[in-house]
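Below is the file protein.txt, which contains compact mmCIF, N, CA, C and O atoms.
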```txt
# COMPACT_ATOMS: atom_id res chain seq x y z
N MET A 1 -2.81 -12.88 -13.02
CA MET A 1 -2.13 -11.97 -12.11
C MET A 1 -1.98 -10.62 -12.79
O MET A 1 -1.62 -10.54 -13.95
N MET A 2 -2.25 -9.57 -12.03
CA MET A 2 -2.12 -8.23 -12.58
C MET A 2 -0.66 -7.84 -12.71
O MET A 2 0.19 -8.28 -11.94
N SER A 3 -0.39 -7.03 -13.70
CA SER A 3 0.97 -6.59 -13.95
C SER A 3 1.12 -5.14 -13.50
O SER A 3 0.27 -4.31 -13.80
N ILE A 4 2.18 -4.86 -12.77
CA ILE A 4 2.43 -3.50 -12.31
C ILE A 4 3.35 -2.83 -13.31
O ILE A 4 4.44 -3.31 -13.58
N LYS A 5 2.89 -1.72 -13.85
CA LYS A 5 3.70 -0.95 -14.79
C LYS A 5 3.98 0.41 -14.19
O LYS A 5 3.07 1.12 -13.79
N LEU A 6 5.24 0.74 -14.09
CA LEU A 6 5.64 2.04 -13.56
C LEU A 6 5.74 3.04 -14.70
O LEU A 6 6.19 2.69 -15.79
N PRO A 7 5.38 4.29 -14.45
CA PRO A 7 5.63 5.33 -15.45
C PRO A 7 7.13 5.42 -15.74
O PRO A 7 7.96 5.15 -14.85
N LYS A 8 7.47 5.78 -16.95
CA LYS A 8 8.86 5.82 -17.39
C LYS A 8 9.73 6.66 -16.46
O LYS A 8 10.84 6.26 -16.11
N GLU A 9 9.22 7.82 -16.04
CA GLU A 9 9.99 8.71 -15.18
C GLU A 9 10.31 8.05 -13.84
O GLU A 9 11.42 8.17 -13.32
N GLN A 10 9.33 7.36 -13.28
CA GLN A 10 9.55 6.67 -12.00
C GLN A 10 10.55 5.54 -12.14
O GLN A 10 11.40 5.33 -11.27
N LYS A 11 10.45 4.81 -13.24
CA LYS A 11 11.38 3.70 -13.45
C LYS A 11 12.81 4.21 -13.62
O LYS A 11 13.75 3.60 -13.09
N ILE A 12 12.97 5.31 -14.30
CA ILE A 12 14.30 5.90 -14.47
C ILE A 12 14.86 6.34 -13.12
O ILE A 12 16.02 6.08 -12.80
N GLU A 13 14.00 6.97 -12.30
CA GLU A 13 14.41 7.40 -10.96
C GLU A 13 14.82 6.21 -10.11
O GLU A 13 15.85 6.23 -9.43
N LEU A 14 14.00 5.16 -10.13
CA LEU A 14 14.31 3.95 -9.36
C LEU A 14 15.61 3.31 -9.86
O LEU A 14 16.42 2.83 -9.05
N ALA A 15 15.78 3.26 -11.16
CA ALA A 15 16.99 2.67 -11.73
C ALA A 15 18.22 3.44 -11.25
O ALA A 15 19.25 2.83 -10.91
N GLN A 16 18.11 4.75 -11.18
CA GLN A 16 19.23 5.56 -10.69
C GLN A 16 19.51 5.25 -9.22
O GLN A 16 20.66 5.18 -8.80
N SER A 17 18.45 5.04 -8.44
CA SER A 17 18.62 4.68 -7.03
C SER A 17 19.29 3.31 -6.90
O SER A 17 20.17 3.12 -6.05
N VAL A 18 18.89 2.37 -7.74
CA VAL A 18 19.49 1.03 -7.72
C VAL A 18 20.96 1.13 -8.09
O VAL A 18 21.83 0.52 -7.45
N GLN A 19 21.26 1.91 -9.11
CA GLN A 19 22.65 2.09 -9.53
C GLN A 19 23.48 2.70 -8.40
O GLN A 19 24.60 2.25 -8.13
N ALA A 20 22.93 3.71 -7.73
CA ALA A 20 23.65 4.36 -6.62
C ALA A 20 23.85 3.37 -5.48
O ALA A 20 24.93 3.33 -4.86
N TYR A 21 22.83 2.56 -5.19
CA TYR A 21 22.94 1.55 -4.14
C TYR A 21 24.09 0.59 -4.44
O TYR A 21 24.93 0.31 -3.58
N PHE A 22 24.11 0.06 -5.65
CA PHE A 22 25.16 -0.90 -6.03
C PHE A 22 26.54 -0.26 -5.93
O PHE A 22 27.49 -0.91 -5.46
N GLU A 23 26.63 0.98 -6.34
CA GLU A 23 27.92 1.68 -6.31
C GLU A 23 28.36 1.94 -4.86
O GLU A 23 29.51 1.65 -4.49
N GLU A 24 27.46 2.46 -4.03
CA GLU A 24 27.81 2.86 -2.67
C GLU A 24 27.93 1.68 -1.70
O GLU A 24 28.83 1.64 -0.87
N GLU A 25 27.01 0.75 -1.79
CA GLU A 25 26.95 -0.33 -0.80
C GLU A 25 27.74 -1.57 -1.21
O GLU A 25 28.19 -2.32 -0.34
N ARG A 26 27.86 -1.79 -2.49
CA ARG A 26 28.50 -3.03 -2.94
C ARG A 26 29.77 -2.78 -3.75
O ARG A 26 30.42 -3.71 -4.19
N SER A 27 30.06 -1.51 -4.00
CA SER A 27 31.21 -1.13 -4.83
C SER A 27 31.18 -1.85 -6.17
O SER A 27 32.21 -2.31 -6.68
N GLU A 28 29.98 -1.97 -6.71
CA GLU A 28 29.79 -2.61 -8.01
C GLU A 28 29.10 -1.62 -8.93
O GLU A 28 28.38 -0.73 -8.50
N SER A 29 29.32 -1.80 -10.19
CA SER A 29 28.68 -0.95 -11.18
C SER A 29 27.58 -1.75 -11.88
O SER A 29 27.78 -2.91 -12.23
N ILE A 30 26.43 -1.12 -12.03
CA ILE A 30 25.32 -1.76 -12.74
C ILE A 30 24.78 -0.72 -13.72
O ILE A 30 24.62 0.45 -13.39
N GLY A 31 24.53 -1.16 -14.93
CA GLY A 31 24.04 -0.25 -15.96
C GLY A 31 22.55 0.04 -15.82
O GLY A 31 21.84 -0.57 -15.01
N GLN A 32 22.10 0.98 -16.61
CA GLN A 32 20.69 1.37 -16.60
C GLN A 32 19.79 0.18 -16.93
O GLN A 32 18.81 -0.07 -16.24
N LEU A 33 20.14 -0.58 -17.96
CA LEU A 33 19.34 -1.73 -18.36
C LEU A 33 19.31 -2.79 -17.25
O LEU A 33 18.25 -3.32 -16.92
N GLY A 34 20.46 -3.08 -16.67
CA GLY A 34 20.53 -4.04 -15.58
C GLY A 34 19.69 -3.60 -14.39
O GLY A 34 19.00 -4.41 -13.77
N ALA A 35 19.75 -2.31 -14.07
CA ALA A 35 18.96 -1.78 -12.96
C ALA A 35 17.47 -1.92 -13.25
O ALA A 35 16.69 -2.30 -12.37
N GLU A 36 17.06 -1.61 -14.47
CA GLU A 36 15.65 -1.72 -14.84
C GLU A 36 15.19 -3.18 -14.81
O GLU A 36 14.07 -3.47 -14.37
N GLN A 37 16.04 -4.08 -15.25
CA GLN A 37 15.69 -5.50 -15.21
C GLN A 37 15.57 -5.99 -13.77
O GLN A 37 14.68 -6.78 -13.45
N LEU A 38 16.44 -5.51 -12.89
CA LEU A 38 16.36 -5.86 -11.47
C LEU A 38 15.05 -5.33 -10.88
O LEU A 38 14.37 -6.04 -10.13
N ILE A 39 14.69 -4.11 -11.23
CA ILE A 39 13.43 -3.53 -10.76
C ILE A 39 12.25 -4.38 -11.23
O ILE A 39 11.35 -4.70 -10.44
N ASP A 40 12.24 -4.74 -12.50
CA ASP A 40 11.15 -5.58 -13.02
C ASP A 40 11.06 -6.91 -12.28
O ASP A 40 9.98 -7.37 -11.95
N PHE A 41 12.23 -7.51 -12.02
CA PHE A 41 12.26 -8.78 -11.29
C PHE A 41 11.72 -8.61 -9.88
O PHE A 41 10.89 -9.40 -9.42
N MET A 42 12.17 -7.57 -9.20
CA MET A 42 11.72 -7.33 -7.82
C MET A 42 10.22 -7.04 -7.78
O MET A 42 9.53 -7.51 -6.87
N ILE A 43 9.73 -6.30 -8.74
CA ILE A 43 8.28 -6.03 -8.79
C ILE A 43 7.51 -7.33 -8.98
O ILE A 43 6.52 -7.57 -8.29
N SER A 44 7.97 -8.19 -9.87
CA SER A 44 7.24 -9.43 -10.13
C SER A 44 7.32 -10.38 -8.93
O SER A 44 6.37 -11.11 -8.64
N GLU A 45 8.45 -10.36 -8.21
CA GLU A 45 8.61 -11.26 -7.07
C GLU A 45 8.01 -10.70 -5.79
O GLU A 45 7.35 -11.42 -5.05
N LEU A 46 8.26 -9.43 -5.51
CA LEU A 46 7.80 -8.82 -4.26
C LEU A 46 6.44 -8.16 -4.38
O LEU A 46 5.73 -8.02 -3.37
N GLY A 47 6.08 -7.75 -5.58
CA GLY A 47 4.85 -7.01 -5.80
C GLY A 47 3.61 -7.65 -5.19
O GLY A 47 2.87 -6.98 -4.46
N PRO A 48 3.36 -8.93 -5.44
CA PRO A 48 2.17 -9.55 -4.86
C PRO A 48 2.15 -9.54 -3.33
O PRO A 48 1.10 -9.32 -2.73
N TYR A 49 3.30 -9.74 -2.70
CA TYR A 49 3.37 -9.72 -1.24
C TYR A 49 3.06 -8.31 -0.71
O TYR A 49 2.31 -8.15 0.25
N ILE A 50 3.67 -7.32 -1.33
CA ILE A 50 3.46 -5.93 -0.91
C ILE A 50 2.02 -5.52 -1.16
O ILE A 50 1.38 -4.89 -0.31
N TYR A 51 1.49 -5.90 -2.30
CA TYR A 51 0.09 -5.59 -2.65
C TYR A 51 -0.86 -6.21 -1.63
O TYR A 51 -1.76 -5.54 -1.11
N ASN A 52 -0.66 -7.49 -1.34
CA ASN A 52 -1.54 -8.18 -0.38
C ASN A 52 -1.45 -7.56 1.01
O ASN A 52 -2.46 -7.45 1.71
N GLN A 53 -0.25 -7.15 1.42
CA GLN A 53 -0.10 -6.50 2.72
C GLN A 53 -0.83 -5.16 2.73
O GLN A 53 -1.46 -4.80 3.72
N ALA A 54 -0.75 -4.43 1.62
CA ALA A 54 -1.47 -3.15 1.52
C ALA A 54 -2.97 -3.38 1.62
O ALA A 54 -3.68 -2.61 2.30
N ILE A 55 -3.47 -4.43 0.98
CA ILE A 55 -4.90 -4.75 1.06
C ILE A 55 -5.28 -5.09 2.50
O ILE A 55 -6.30 -4.63 3.02
N GLU A 56 -4.44 -5.88 3.17
CA GLU A 56 -4.72 -6.26 4.55
C GLU A 56 -4.71 -5.02 5.47
O GLU A 56 -5.59 -4.87 6.32
N ASP A 57 -3.74 -4.14 5.27
CA ASP A 57 -3.67 -2.92 6.07
C ASP A 57 -4.89 -2.04 5.82
O ASP A 57 -5.46 -1.47 6.76
N THR A 58 -5.30 -1.95 4.56
CA THR A 58 -6.48 -1.14 4.21
C THR A 58 -7.74 -1.74 4.83
O THR A 58 -8.58 -1.01 5.37
N ARG A 59 -7.86 -3.05 4.77
CA ARG A 59 -9.02 -3.73 5.36
C ARG A 59 -9.09 -3.44 6.86
O ARG A 59 -10.16 -3.13 7.39
N ALA A 60 -7.96 -3.51 7.55
CA ALA A 60 -7.94 -3.24 8.99
C ALA A 60 -8.30 -1.79 9.28
O ALA A 60 -9.07 -1.51 10.22
N LEU A 61 -7.80 -0.87 8.48
CA LEU A 61 -8.11 0.54 8.67
C LEU A 61 -9.59 0.82 8.46
O LEU A 61 -10.22 1.52 9.26
N ILE A 62 -10.15 0.25 7.40
CA ILE A 62 -11.57 0.45 7.11
C ILE A 62 -12.43 -0.16 8.21
O ILE A 62 -13.41 0.44 8.65
N THR A 63 -12.05 -1.33 8.71
CA THR A 63 -12.79 -1.96 9.80
C THR A 63 -12.77 -1.07 11.04
O THR A 63 -13.80 -0.87 11.69
N GLU A 64 -11.61 -0.51 11.35
CA GLU A 64 -11.48 0.38 12.50
C GLU A 64 -12.33 1.64 12.31
O GLU A 64 -13.05 2.05 13.23
N LYS A 65 -12.28 2.22 11.13
CA LYS A 65 -13.07 3.44 10.85
C LYS A 65 -14.56 3.14 10.90
O LYS A 65 -15.34 3.96 11.40
N MET A 66 -14.97 1.98 10.40
CA MET A 66 -16.39 1.62 10.44
C MET A 66 -16.86 1.44 11.87
O MET A 66 -17.98 1.84 12.21
N ALA A 67 -16.02 0.89 12.73
CA ALA A 67 -16.37 0.74 14.14
C ALA A 67 -16.52 2.12 14.79
O ALA A 67 -17.44 2.34 15.58
N GLN A 68 -15.64 3.05 14.44
CA GLN A 68 -15.74 4.41 14.96
C GLN A 68 -17.03 5.08 14.50
O GLN A 68 -17.72 5.74 15.29
N ILE A 69 -17.36 4.91 13.23
CA ILE A 69 -18.59 5.49 12.69
C ILE A 69 -19.80 4.87 13.37
O ILE A 69 -20.75 5.57 13.73
N ASP A 70 -19.76 3.56 13.57
CA ASP A 70 -20.85 2.87 14.25
C ASP A 70 -21.05 3.44 15.65
O ASP A 70 -22.19 3.72 16.07
N ASP A 71 -19.95 3.64 16.39
CA ASP A 71 -20.04 4.23 17.73
C ASP A 71 -20.63 5.63 17.68
O ASP A 71 -21.47 6.00 18.50
N GLU A 72 -20.20 6.42 16.71
CA GLU A 72 -20.71 7.78 16.57
C GLU A 72 -22.20 7.79 16.22
O GLU A 72 -22.95 8.64 16.70
N LEU A 73 -22.63 6.84 15.42
CA LEU A 73 -24.06 6.76 15.09
C LEU A 73 -24.89 6.42 16.31
O LEU A 73 -26.00 6.96 16.49
N TYR A 74 -24.38 5.55 17.18
CA TYR A 74 -25.10 5.23 18.42
C TYR A 74 -25.25 6.47 19.29
O TYR A 74 -26.28 6.67 19.94
N THR A 75 -24.24 7.32 19.32
CA THR A 75 -24.33 8.54 20.14
C THR A 75 -25.33 9.53 19.57
O THR A 75 -25.83 10.39 20.30
N LEU A 76 -25.65 9.42 18.29
CA LEU A 76 -26.61 10.33 17.66
C LEU A 76 -28.06 9.89 17.86
O LEU A 76 -28.97 10.69 17.63
N GLU A 77 -28.25 8.67 18.28
CA GLU A 77 -29.62 8.18 18.45
C GLU A 77 -30.32 8.98 19.54
O GLU A 77 -29.73 9.36 20.55
N LYS A 78 -31.59 9.24 19.32
CA LYS A 78 -32.42 9.96 20.28
C LYS A 78 -33.13 8.94 21.17
O LYS A 78 -33.58 7.91 20.69
N PRO A 79 -33.21 9.26 22.43
CA PRO A 79 -33.94 8.35 23.32
C PRO A 79 -35.43 8.34 22.98
O PRO A 79 -35.99 9.37 22.60
N ILE A 80 -36.03 7.19 23.09
CA ILE A 80 -37.47 7.05 22.82
C ILE A 80 -38.16 6.91 24.16
O ILE A 80 -37.87 6.02 24.94
N GLN A 81 -39.05 7.82 24.39
CA GLN A 81 -39.79 7.79 25.65
C GLN A 81 -41.13 7.13 25.42
O GLN A 81 -41.76 7.33 24.37
N ASN A 82 -41.56 6.41 26.39
CA ASN A 82 -42.85 5.76 26.30
C ASN A 82 -43.92 6.83 26.50
O ASN A 82 -44.07 7.39 27.57
N LEU A 83 -44.67 7.13 25.45
CA LEU A 83 -45.67 8.19 25.50
C LEU A 83 -46.97 7.71 26.12
O LEU A 83 -47.84 8.50 26.44
N ARG A 84 -47.19 6.44 26.30
CA ARG A 84 -48.42 5.88 26.86
C ARG A 84 -48.23 5.59 28.35
O ARG A 84 -47.88 4.51 28.73
N ARG A 85 -48.47 6.50 29.14
CA ARG A 85 -48.34 6.27 30.58
C ARG A 85 -49.60 6.59 31.27
O ARG A 85 -50.44 7.24 31.13
```

Is it possible to give me this structure as structure tokens?
Amino acid sequence: MMSIKLPKEQKIELAQSVQAYFEEERSESIGQLGAEQLIDFMISELGPYIYNQAIEDTRALITEKMAQIDDELYTLEKPIQNLRR
């Protein structure tokens, strides 16, 4: 299984968001380390589901775009006339 590693700056930002969430929504205090550990846990647990959904969404989008391209290519075809009459 692939491991998702966030850049340090992003992880710090997310940890601050987690800390603010705990403070505002739960009236609880969580430290920087606890917030980072929660982020790591959520990434390991939710990451594969989110990743697979992103792949599925991308596959559907590409399929739709390929169908559009296919339709456009048909409109570009030139009619062939029977020259032997």

Would you mind reading off the distance between atom C of Pro48 (chain A) and atom N of Ile4 (chain A), one decimal, in Å?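 Calculated distance between atom C of Pro48 (chain A) and atom N of Ile4 (chain A) is 10.5 Å.
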
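A straight line drawn from CA of Ile62 (chain A) to atom O of Tyr49 (chain A) is 17.7 Å long.
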
Atom-to-atom span, atom N of Leu46 (chain A) and atom N of Ile12 (chain A), Å: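 These atoms are spaced 17.8 Å apart.
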
Glu9 (chain A): which residues within 12 Å, counting only C-alpha atoms, same-chain residues fewer than 6 positions away excluded, as a PyMOL selection string? chain A and resi 15-16+36

Using only C-alpha atoms, can you list as a VMD selection string the residues within 12 Å of (12.1, 2.4, -4.6)? chain A and resid 6 10 to 21 35 to 36 38 to 40 42 to 43 47

With N, CA, C and O atoms retained, output region 37-50 of chain A as a JSON list (two decimals), in the first residue's frame.
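out_37.json was written with the following content:
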```
[["chain", "number", "residue", "atom", "x", "y", "z"],
["A", 37, "GLN", "N", -1.03, 13.35, 14.94],
["A", 37, "GLN", "CA", -1.28, 11.90, 15.02],
["A", 37, "GLN", "C", -2.68, 11.56, 14.52],
["A", 37, "GLN", "O", -2.87, 10.55, 13.84],
["A", 38, "LEU", "N", -3.66, 12.41, 14.83],
["A", 38, "LEU", "CA", -5.02, 12.20, 14.34],
["A", 38, "LEU", "C", -5.04, 12.30, 12.81],
["A", 38, "LEU", "O", -5.67, 11.49, 12.13],
["A", 39, "ILE", "N", -4.33, 13.27, 12.27],
["A", 39, "ILE", "CA", -4.24, 13.43, 10.81],
["A", 39, "ILE", "C", -3.62, 12.18, 10.19],
["A", 39, "ILE", "O", -4.15, 11.65, 9.20],
["A", 40, "ASP", "N", -2.53, 11.70, 10.75],
["A", 40, "ASP", "CA", -1.89, 10.49, 10.23],
["A", 40, "ASP", "C", -2.84, 9.29, 10.26],
["A", 40, "ASP", "O", -2.92, 8.52, 9.31],
["A", 41, "PHE", "N", -3.59, 9.16, 11.37],
["A", 41, "PHE", "CA", -4.55, 8.07, 11.49],
["A", 41, "PHE", "C", -5.65, 8.19, 10.44],
["A", 41, "PHE", "O", -5.99, 7.22, 9.77],
["A", 42, "MET", "N", -6.19, 9.39, 10.29],
["A", 42, "MET", "CA", -7.27, 9.60, 9.31],
["A", 42, "MET", "C", -6.77, 9.36, 7.89],
["A", 42, "MET", "O", -7.50, 8.77, 7.08],
["A", 43, "ILE", "N", -5.56, 9.77, 7.60],
["A", 43, "ILE", "CA", -5.00, 9.51, 6.26],
["A", 43, "ILE", "C", -4.88, 8.01, 6.02],
["A", 43, "ILE", "O", -5.25, 7.51, 4.96],
["A", 44, "SER", "N", -4.39, 7.28, 7.01],
["A", 44, "SER", "CA", -4.20, 5.84, 6.82],
["A", 44, "SER", "C", -5.54, 5.11, 6.72],
["A", 44, "SER", "O", -5.67, 4.14, 5.98],
["A", 45, "GLU", "N", -6.56, 5.60, 7.44],
["A", 45, "GLU", "CA", -7.86, 4.94, 7.43],
["A", 45, "GLU", "C", -8.73, 5.39, 6.26],
["A", 45, "GLU", "O", -9.37, 4.57, 5.61],
["A", 46, "LEU", "N", -8.78, 6.69, 6.01],
["A", 46, "LEU", "CA", -9.66, 7.23, 4.97],
["A", 46, "LEU", "C", -8.97, 7.36, 3.61],
["A", 46, "LEU", "O", -9.65, 7.34, 2.58],
["A", 47, "GLY", "N", -7.66, 7.49, 3.63],
["A", 47, "GLY", "CA", -6.90, 7.72, 2.40],
["A", 47, "GLY", "C", -7.23, 6.76, 1.27],
["A", 47, "GLY", "O", -7.52, 7.20, 0.15],
["A", 48, "PRO", "N", -7.21, 5.45, 1.51],
["A", 48, "PRO", "CA", -7.50, 4.52, 0.42],
["A", 48, "PRO", "C", -8.90, 4.69, -0.16],
["A", 48, "PRO", "O", -9.09, 4.59, -1.37],
["A", 49, "TYR", "N", -9.89, 4.97, 0.69],
["A", 49, "TYR", "CA", -11.26, 5.17, 0.19],
["A", 49, "TYR", "C", -11.34, 6.43, -0.68],
["A", 49, "TYR", "O", -11.95, 6.42, -1.74],
["A", 50, "ILE", "N", -10.73, 7.50, -0.19],
["A", 50, "ILE", "CA", -10.75, 8.76, -0.94],
["A", 50, "ILE", "C", -9.97, 8.61, -2.24],
["A", 50, "ILE", "O", -10.41, 9.07, -3.30]]
```
